[in-house]
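Novice: Please find one structure pasted underneath; my questions will follow.
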Amino acid sequence: MSSYWWLKEHNEGSILRVAVYEGVSLTDGNVALSVAEVESQAKRASQEHSAHLLIFPELFLSGYGLSREVTLSAARYITQEKVIAYLQNVARQYSIALLICYPELVDDEKIYNSATLINEHEGEQLSSVVEIRGIRIAVMICYDLEMCEVARSLTLLGAQLLLVPTALATSLSNENIARLMVGTRAFENHVWLAYANLAPPQFIGQSRIVGPDGNELCRVDKDQLIVADIIPKNYVSAVQGTPYLADRRPLLYTSISDPIYHVKLPIDYKYTDD
């Protein structure tokens with residue numbers, strides 16, 4: 001299939017209206033409080049802004065950076081109280097798709113940093129690339145954004161819109177990640193990118209929605225909820241001069257996927273926050 005959405009004929013108007021919510025991270029794992037906030041913002045995005053899709057930040061249901069004990073308790077609550085099923089009903093009630101991020105419990109002890117894209121009608125389908133209102137959508141979580149191969153791979157699979165829930169804490173290096181990489185990932189792949197971070201002061205915020213030309217459509221300022229329209233026809237002339245996907249020469253970069261070139265860190269290597 002062709003990944004070049006601009007080669008098709010497009011109507012003048014919006015195909016999809018996307019919303020991003022920059023929420024405050026919980027500090028106590030009170031999932032019920034987050035669920036209420038999700039429902040409130042889903043209602044607002046749908047009824048006040050006619051949005052079709054709403055994205056929440058990384059681990060929004062539980063809070064980010066909490067102790068394993070608190071996170072495990074939140075994960076068990078989400079499973080036992082059937083929270084995702086409840087939010088499927090919220091999506092149906094307000095006719096809006098939701099990207100929900102939470103700690104997923106597996107085998108009652110393993111915790112996965114998960115994101116579930118709930119369709120406004122069904123809420124059952126999971127895949128690397130899904131379609132909502134004619135737009136093909138893929139999800140990356142936080143650190144995935146910093147690996148250019150992830151966005152490129154999803155684009156080659158046909159994604160036109162990348163959803164990136166994240167939890168970047170306040171630091172100089174994280175400021176650079178948000179400032180430099182968000183627009184770059186959108187531009188180098190000619191996709192829309194919706195970036196949802198947790199709110200300051202603990203996190204840097206800077207949630208935004210970016211177009212295929214790398215320019216911002218909107219950014220969180222006073223209102224934690226932002227909305228933008230995906231209008232493909234607005235970008236056809238801006239991006240058709242640089243068909244990056246077609247101009248790639250994959251045989252020149254086979255080392256990217258060759259295991260013999262895998263870089264190994266020392267056993268005692270420690271990741272830092274800055």
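Chain labels follow the order of the structure tokens: the first chain is A, the next B, and so on; residue numbering restarts at 1 in every chain, and ligands are counted from 1 in their shown order.
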Please provide as an NGL selection string all residues within 12 Å of range 104-113 of chain A, with the sequence filter that same-chain residues fewer than 4 positions apart are discarded (counting only C-alpha atoms).
Specialist: :A and (57-65 or 68-80 or 82-84 or 100 or 140-143 or 165-167)
Novice: When you look at Ala36 in chain A with a cut-off of 12 Å (counting only C-alpha atoms), what residues show up, excluding the ones that are within fewer than 2 positions of it in the same chain? I need them as a list in words.
Specialist: Asn30, Val31, Ala32, Leu33, Ser34, Val38, Glu39, Ser40, Gln41, Ala42, Lys43, Phe60, Leu61, Val83, Tyr86, Leu87 and Val90 of chain A
Novice: As a JSON list (two decimals) with all heavy atoms, in the first residue's frame, please: the residues near Val24 in chain A (cut-off 9 Å, only C-alpha atoms, same-chain neighbours under 3 positions excluded).
Specialist:
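Okay, this is what ended up in result.json:
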```
[["chain", "number", "residue", "atom", "x", "y", "z"],
["A", 60, "PHE", "N", -1.70, 8.07, 33.02],
["A", 60, "PHE", "CA", -2.58, 9.08, 33.61],
["A", 60, "PHE", "C", -3.51, 8.49, 34.66],
["A", 60, "PHE", "O", -3.84, 9.15, 35.65],
["A", 60, "PHE", "CB", -3.40, 9.78, 32.51],
["A", 60, "PHE", "CG", -4.27, 10.87, 33.04],
["A", 60, "PHE", "CD1", -3.71, 12.07, 33.48],
["A", 60, "PHE", "CD2", -5.65, 10.72, 33.12],
["A", 60, "PHE", "CE1", -4.51, 13.09, 33.99],
["A", 60, "PHE", "CE2", -6.46, 11.74, 33.62],
["A", 60, "PHE", "CZ", -5.88, 12.92, 34.06],
["A", 63, "GLY", "N", -1.03, 7.80, 37.82],
["A", 63, "GLY", "CA", 0.02, 8.73, 38.23],
["A", 63, "GLY", "C", 1.37, 8.14, 37.86],
["A", 63, "GLY", "O", 1.53, 6.91, 37.82],
["A", 198, "LEU", "N", 2.31, 15.17, 30.93],
["A", 198, "LEU", "CA", 1.75, 15.57, 32.21],
["A", 198, "LEU", "C", 2.11, 17.02, 32.51],
["A", 198, "LEU", "O", 3.07, 17.56, 31.96],
["A", 198, "LEU", "CB", 2.26, 14.64, 33.31],
["A", 198, "LEU", "CG", 1.73, 13.19, 33.22],
["A", 198, "LEU", "CD1", 2.56, 12.26, 34.08],
["A", 198, "LEU", "CD2", 0.25, 13.13, 33.63],
["A", 199, "ALA", "N", 1.34, 17.64, 33.38],
["A", 199, "ALA", "CA", 1.42, 19.08, 33.60],
["A", 199, "ALA", "C", 2.53, 19.47, 34.58],
["A", 199, "ALA", "O", 2.92, 18.69, 35.45],
["A", 199, "ALA", "CB", 0.08, 19.59, 34.12],
["A", 200, "PRO", "N", 3.04, 20.72, 34.45],
["A", 200, "PRO", "CA", 4.01, 21.27, 35.41],
["A", 200, "PRO", "C", 3.36, 21.41, 36.79],
["A", 200, "PRO", "O", 2.14, 21.38, 36.90],
["A", 200, "PRO", "CB", 4.32, 22.65, 34.80],
["A", 200, "PRO", "CG", 3.95, 22.54, 33.37],
["A", 200, "PRO", "CD", 2.76, 21.62, 33.34],
["A", 202, "GLN", "N", 5.95, 19.42, 38.18],
["A", 202, "GLN", "CA", 6.78, 18.22, 38.22],
["A", 202, "GLN", "C", 7.19, 17.77, 36.82],
["A", 202, "GLN", "O", 8.27, 17.23, 36.62],
["A", 202, "GLN", "CB", 6.02, 17.08, 38.92],
["A", 202, "GLN", "CG", 6.85, 15.81, 39.07],
["A", 202, "GLN", "CD", 6.06, 14.70, 39.75],
["A", 202, "GLN", "OE1", 4.93, 14.89, 40.19],
["A", 202, "GLN", "NE2", 6.68, 13.52, 39.83],
["A", 203, "PHE", "N", 6.31, 18.02, 35.85],
["A", 203, "PHE", "CA", 6.58, 17.64, 34.46],
["A", 203, "PHE", "C", 6.63, 18.90, 33.60],
["A", 203, "PHE", "O", 6.10, 19.94, 33.99],
["A", 203, "PHE", "CB", 5.51, 16.66, 33.98],
["A", 203, "PHE", "CG", 5.48, 15.39, 34.79],
["A", 203, "PHE", "CD1", 4.72, 15.31, 35.95],
["A", 203, "PHE", "CD2", 6.25, 14.30, 34.43],
["A", 203, "PHE", "CE1", 4.70, 14.16, 36.72],
["A", 203, "PHE", "CE2", 6.24, 13.15, 35.19],
["A", 203, "PHE", "CZ", 5.47, 13.08, 36.35]]
```
Novice: Using only C-alpha atoms, which residues of range 28-71 of chain A come within 7 Å of range 13-22 of chain A, and what is the closest atom pair for each, with the distance in Å to one decimal? Give it as a tab-separated table, sorted by chain and residue number.
Specialist:
```
residue	atom	partner	partner_atom	distance
A:Ala45	CA	A:Ala19	CA	6.8
A:Ala51	CA	A:Arg17	CA	4.8
A:His52	CA	A:Arg17	CA	5.3
A:Leu53	CA	A:Val18	CA	5.0
A:Leu54	CA	A:Ala19	CA	4.6
A:Ile55	CA	A:Val20	CA	4.8
A:Phe56	CA	A:Tyr21	CA	5.5
A:Pro57	CA	A:Glu22	CA	6.6
```
Novice: Which value, in Å to one decimal, gives the distance between CA of Asp213 in chain A and CA of Phe187 in chain A?
Specialist: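 About the pair CA of Asp213 in chain A and CA of Phe187 in chain A: they are 5.0 Å apart.
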Novice: For Thr242 in chain A, list every protein, DNA or RNA residue within 12 Å, evaluated using only C-alpha atoms, and leave out those in the same chain fewer than 5 positions away; present the list as a list in words.
Specialist: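 The residues that qualify are Tyr4, Trp6, Phe187, Glu188, Asn189, His190, Pro212, Asp213, Val236, Ser237, Asp247 and Arg248 of chain A.
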Novice: I need the alpha helix (DSSP H) residues of range 51-129 of chain A per DSSP on the backbone, written as a PyMOL selection string.
Specialist: chain A and resi 68-80+83-94
Novice: Deliver the residues from the most recent selection as a file, using C-alpha atoms, as a PDB file, in the first residue's frame.
Specialist:
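Heads up, here's the output in result_3.pdb:
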```pdb
ATOM      1  CA  ARG A  68       5.876  -0.077  42.968  1.00  0.00           C
ATOM      2  CA  GLU A  69       3.466  -0.778  45.832  1.00  0.00           C
ATOM      3  CA  VAL A  70       1.191   2.152  44.922  1.00  0.00           C
ATOM      4  CA  THR A  71       1.391   1.418  41.201  1.00  0.00           C
ATOM      5  CA  LEU A  72       0.608  -2.259  41.763  1.00  0.00           C
ATOM      6  CA  SER A  73      -2.387  -1.318  43.885  1.00  0.00           C
ATOM      7  CA  ALA A  74      -3.632   1.004  41.129  1.00  0.00           C
ATOM      8  CA  ALA A  75      -3.122  -1.691  38.492  1.00  0.00           C
ATOM      9  CA  ARG A  76      -5.134  -4.185  40.547  1.00  0.00           C
ATOM     10  CA  TYR A  77      -7.911  -1.647  41.005  1.00  0.00           C
ATOM     11  CA  ILE A  78      -8.075  -1.052  37.250  1.00  0.00           C
ATOM     12  CA  THR A  79      -8.440  -4.796  36.674  1.00  0.00           C
ATOM     13  CA  GLN A  80     -10.831  -5.593  39.518  1.00  0.00           C
ATOM     14  CA  VAL A  83     -12.028   0.434  34.580  1.00  0.00           C
ATOM     15  CA  ILE A  84     -11.228   0.016  30.885  1.00  0.00           C
ATOM     16  CA  ALA A  85     -14.683  -1.445  30.247  1.00  0.00           C
ATOM     17  CA  TYR A  86     -16.188   1.533  32.061  1.00  0.00           C
ATOM     18  CA  LEU A  87     -14.211   3.938  29.879  1.00  0.00           C
ATOM     19  CA  GLN A  88     -15.396   2.074  26.786  1.00  0.00           C
ATOM     20  CA  ASN A  89     -18.895   3.057  27.864  1.00  0.00           C
ATOM     21  CA  VAL A  90     -17.731   6.657  28.333  1.00  0.00           C
ATOM     22  CA  ALA A  91     -16.362   6.639  24.781  1.00  0.00           C
ATOM     23  CA  ARG A  92     -19.673   5.340  23.455  1.00  0.00           C
ATOM     24  CA  GLN A  93     -21.706   7.784  25.541  1.00  0.00           C
ATOM     25  CA  TYR A  94     -19.879  10.841  24.213  1.00  0.00           C
TER      26      TYR A  94
END
```
Novice: Could you give me, as an NGL selection string, each residue of range 14-256 of chain A that DSSP assigns to strand (DSSP E) when run on this structure's backbone?
Specialist: :A and (16-21 or 53-55 or 97-106 or 110-118 or 129-132 or 135-139 or 161-165 or 192-196 or 208-210 or 216-219 or 225-230)
Novice: Please list as a PyMOL selection string every residue within 12 Å of Leu145 in chain A, counting only C-alpha atoms and excluding residues in the same chain fewer than 6 positions away.
Specialist: chain A and resi 139+151-154+162-168+174+177-178+180-186+193-196
Novice: What lies within 10 Å of Arg219 in chain A using only C-alpha atoms, ignoring chain neighbours under 2 positions off, as a PyMOL selection string?
Specialist: chain A and resi 20+22+194-196+205-210+216-217+221-228
Novice: With N, CA, C and O atoms retained, write the just-selected residues as an mmCIF file, in the first residue's frame.
Specialist:
```
data_model
loop_
_atom_site.group_PDB
_atom_site.id
_atom_site.type_symbol
_atom_site.label_atom_id
_atom_site.label_comp_id
_atom_site.auth_asym_id
_atom_site.auth_seq_id
_atom_site.Cartn_x
_atom_site.Cartn_y
_atom_site.Cartn_z
ATOM 1 N N VAL A 20 -6.056 16.950 22.926
ATOM 2 C CA VAL A 20 -5.026 16.494 23.859
ATOM 3 C C VAL A 20 -5.302 17.135 25.211
ATOM 4 O O VAL A 20 -5.575 18.337 25.293
ATOM 5 N N GLU A 22 -3.609 17.850 28.917
ATOM 6 C CA GLU A 22 -2.401 17.877 29.739
ATOM 7 C C GLU A 22 -2.818 17.880 31.207
ATOM 8 O O GLU A 22 -3.000 18.929 31.822
ATOM 9 N N ALA A 194 0.318 14.050 17.853
ATOM 10 C CA ALA A 194 -0.339 14.598 19.042
ATOM 11 C C ALA A 194 0.458 14.181 20.272
ATOM 12 O O ALA A 194 0.579 12.986 20.566
ATOM 13 N N TYR A 195 1.002 15.162 20.962
ATOM 14 C CA TYR A 195 1.942 14.948 22.062
ATOM 15 C C TYR A 195 1.279 15.363 23.369
ATOM 16 O O TYR A 195 0.976 16.539 23.579
ATOM 17 N N ALA A 196 1.053 14.372 24.259
ATOM 18 C CA ALA A 196 0.338 14.631 25.515
ATOM 19 C C ALA A 196 1.239 14.358 26.705
ATOM 20 O O ALA A 196 1.514 13.193 27.038
ATOM 21 N N GLY A 205 5.251 19.603 30.730
ATOM 22 C CA GLY A 205 4.097 20.005 29.933
ATOM 23 C C GLY A 205 4.450 20.061 28.450
ATOM 24 O O GLY A 205 4.891 19.091 27.861
ATOM 25 N N GLN A 206 4.217 21.221 27.842
ATOM 26 C CA GLN A 206 4.504 21.459 26.429
ATOM 27 C C GLN A 206 3.725 20.532 25.500
ATOM 28 O O GLN A 206 4.178 20.190 24.401
ATOM 29 N N SER A 207 2.548 20.084 25.939
ATOM 30 C CA SER A 207 1.700 19.267 25.078
ATOM 31 C C SER A 207 1.293 20.076 23.862
ATOM 32 O O SER A 207 1.039 21.278 23.954
ATOM 33 N N ARG A 208 1.226 19.405 22.710
ATOM 34 C CA ARG A 208 0.911 20.112 21.466
ATOM 35 C C ARG A 208 0.451 19.133 20.401
ATOM 36 O O ARG A 208 0.600 17.918 20.548
ATOM 37 N N ILE A 209 -0.062 19.703 19.329
ATOM 38 C CA ILE A 209 -0.407 18.926 18.134
ATOM 39 C C ILE A 209 0.332 19.569 16.975
ATOM 40 O O ILE A 209 0.295 20.790 16.802
ATOM 41 N N VAL A 210 1.041 18.729 16.193
ATOM 42 C CA VAL A 210 1.923 19.215 15.134
ATOM 43 C C VAL A 210 1.474 18.659 13.795
ATOM 44 O O VAL A 210 1.004 17.519 13.701
ATOM 45 N N GLU A 216 3.528 23.709 14.598
ATOM 46 C CA GLU A 216 2.499 23.479 15.606
ATOM 47 C C GLU A 216 1.138 23.975 15.145
ATOM 48 O O GLU A 216 1.013 25.065 14.590
ATOM 49 N N LEU A 217 0.135 23.149 15.412
ATOM 50 C CA LEU A 217 -1.253 23.565 15.196
ATOM 51 C C LEU A 217 -1.815 24.186 16.471
ATOM 52 O O LEU A 217 -2.635 25.098 16.414
ATOM 53 N N ASP A 221 -1.637 26.146 26.782
ATOM 54 C CA ASP A 221 -1.241 27.397 27.417
ATOM 55 C C ASP A 221 -2.054 27.545 28.700
ATOM 56 O O ASP A 221 -1.752 26.922 29.708
ATOM 57 N N LYS A 222 -3.128 28.304 28.644
ATOM 58 C CA LYS A 222 -3.963 28.475 29.830
ATOM 59 C C LYS A 222 -4.945 27.322 29.996
ATOM 60 O O LYS A 222 -5.267 26.927 31.114
ATOM 61 N N ASP A 223 -5.442 26.807 28.885
ATOM 62 C CA ASP A 223 -6.395 25.703 28.911
ATOM 63 C C ASP A 223 -5.641 24.390 28.755
ATOM 64 O O ASP A 223 -4.830 24.236 27.841
ATOM 65 N N GLN A 224 -5.906 23.443 29.644
ATOM 66 C CA GLN A 224 -5.224 22.150 29.590
ATOM 67 C C GLN A 224 -5.715 21.265 28.453
ATOM 68 O O GLN A 224 -5.092 20.253 28.134
ATOM 69 N N LEU A 225 -6.824 21.637 27.851
ATOM 70 C CA LEU A 225 -7.387 20.874 26.736
ATOM 71 C C LEU A 225 -7.193 21.652 25.439
ATOM 72 O O LEU A 225 -7.614 22.797 25.335
ATOM 73 N N ILE A 226 -6.536 21.041 24.465
ATOM 74 C CA ILE A 226 -6.322 21.690 23.174
ATOM 75 C C ILE A 226 -6.924 20.822 22.072
ATOM 76 O O ILE A 226 -7.048 19.605 22.213
ATOM 77 N N VAL A 227 -7.293 21.474 20.981
ATOM 78 C CA VAL A 227 -7.983 20.789 19.887
ATOM 79 C C VAL A 227 -7.442 21.287 18.559
ATOM 80 O O VAL A 227 -7.166 22.486 18.397
ATOM 81 N N ALA A 228 -7.284 20.356 17.607
ATOM 82 C CA ALA A 228 -6.853 20.733 16.262
ATOM 83 C C ALA A 228 -7.529 19.838 15.239
ATOM 84 O O ALA A 228 -7.854 18.677 15.517
#
```
Novice: Suppose you want the space between CA of Val239 in chain A and CA of Gly214 in chain A; what is it in Å?
Specialist: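 Calculated distance between CA of Val239 in chain A and CA of Gly214 in chain A is 10.1 Å.
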Novice: Could you work out how far CA of Leu245 in chain A lies from CA of Ile118 in chain A, giving the answer in Å with one decimal?
Specialist: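 For CA of Ile118 in chain A relative to CA of Leu245 in chain A, the distance reads 29.1 Å.
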Novice: Looking at only C-alpha atoms, which of A:Ile137, A:Ile256, A:Val130, A:Leu161 is the one that sits closest to Gly211 in chain A?
Specialist: A:Leu161
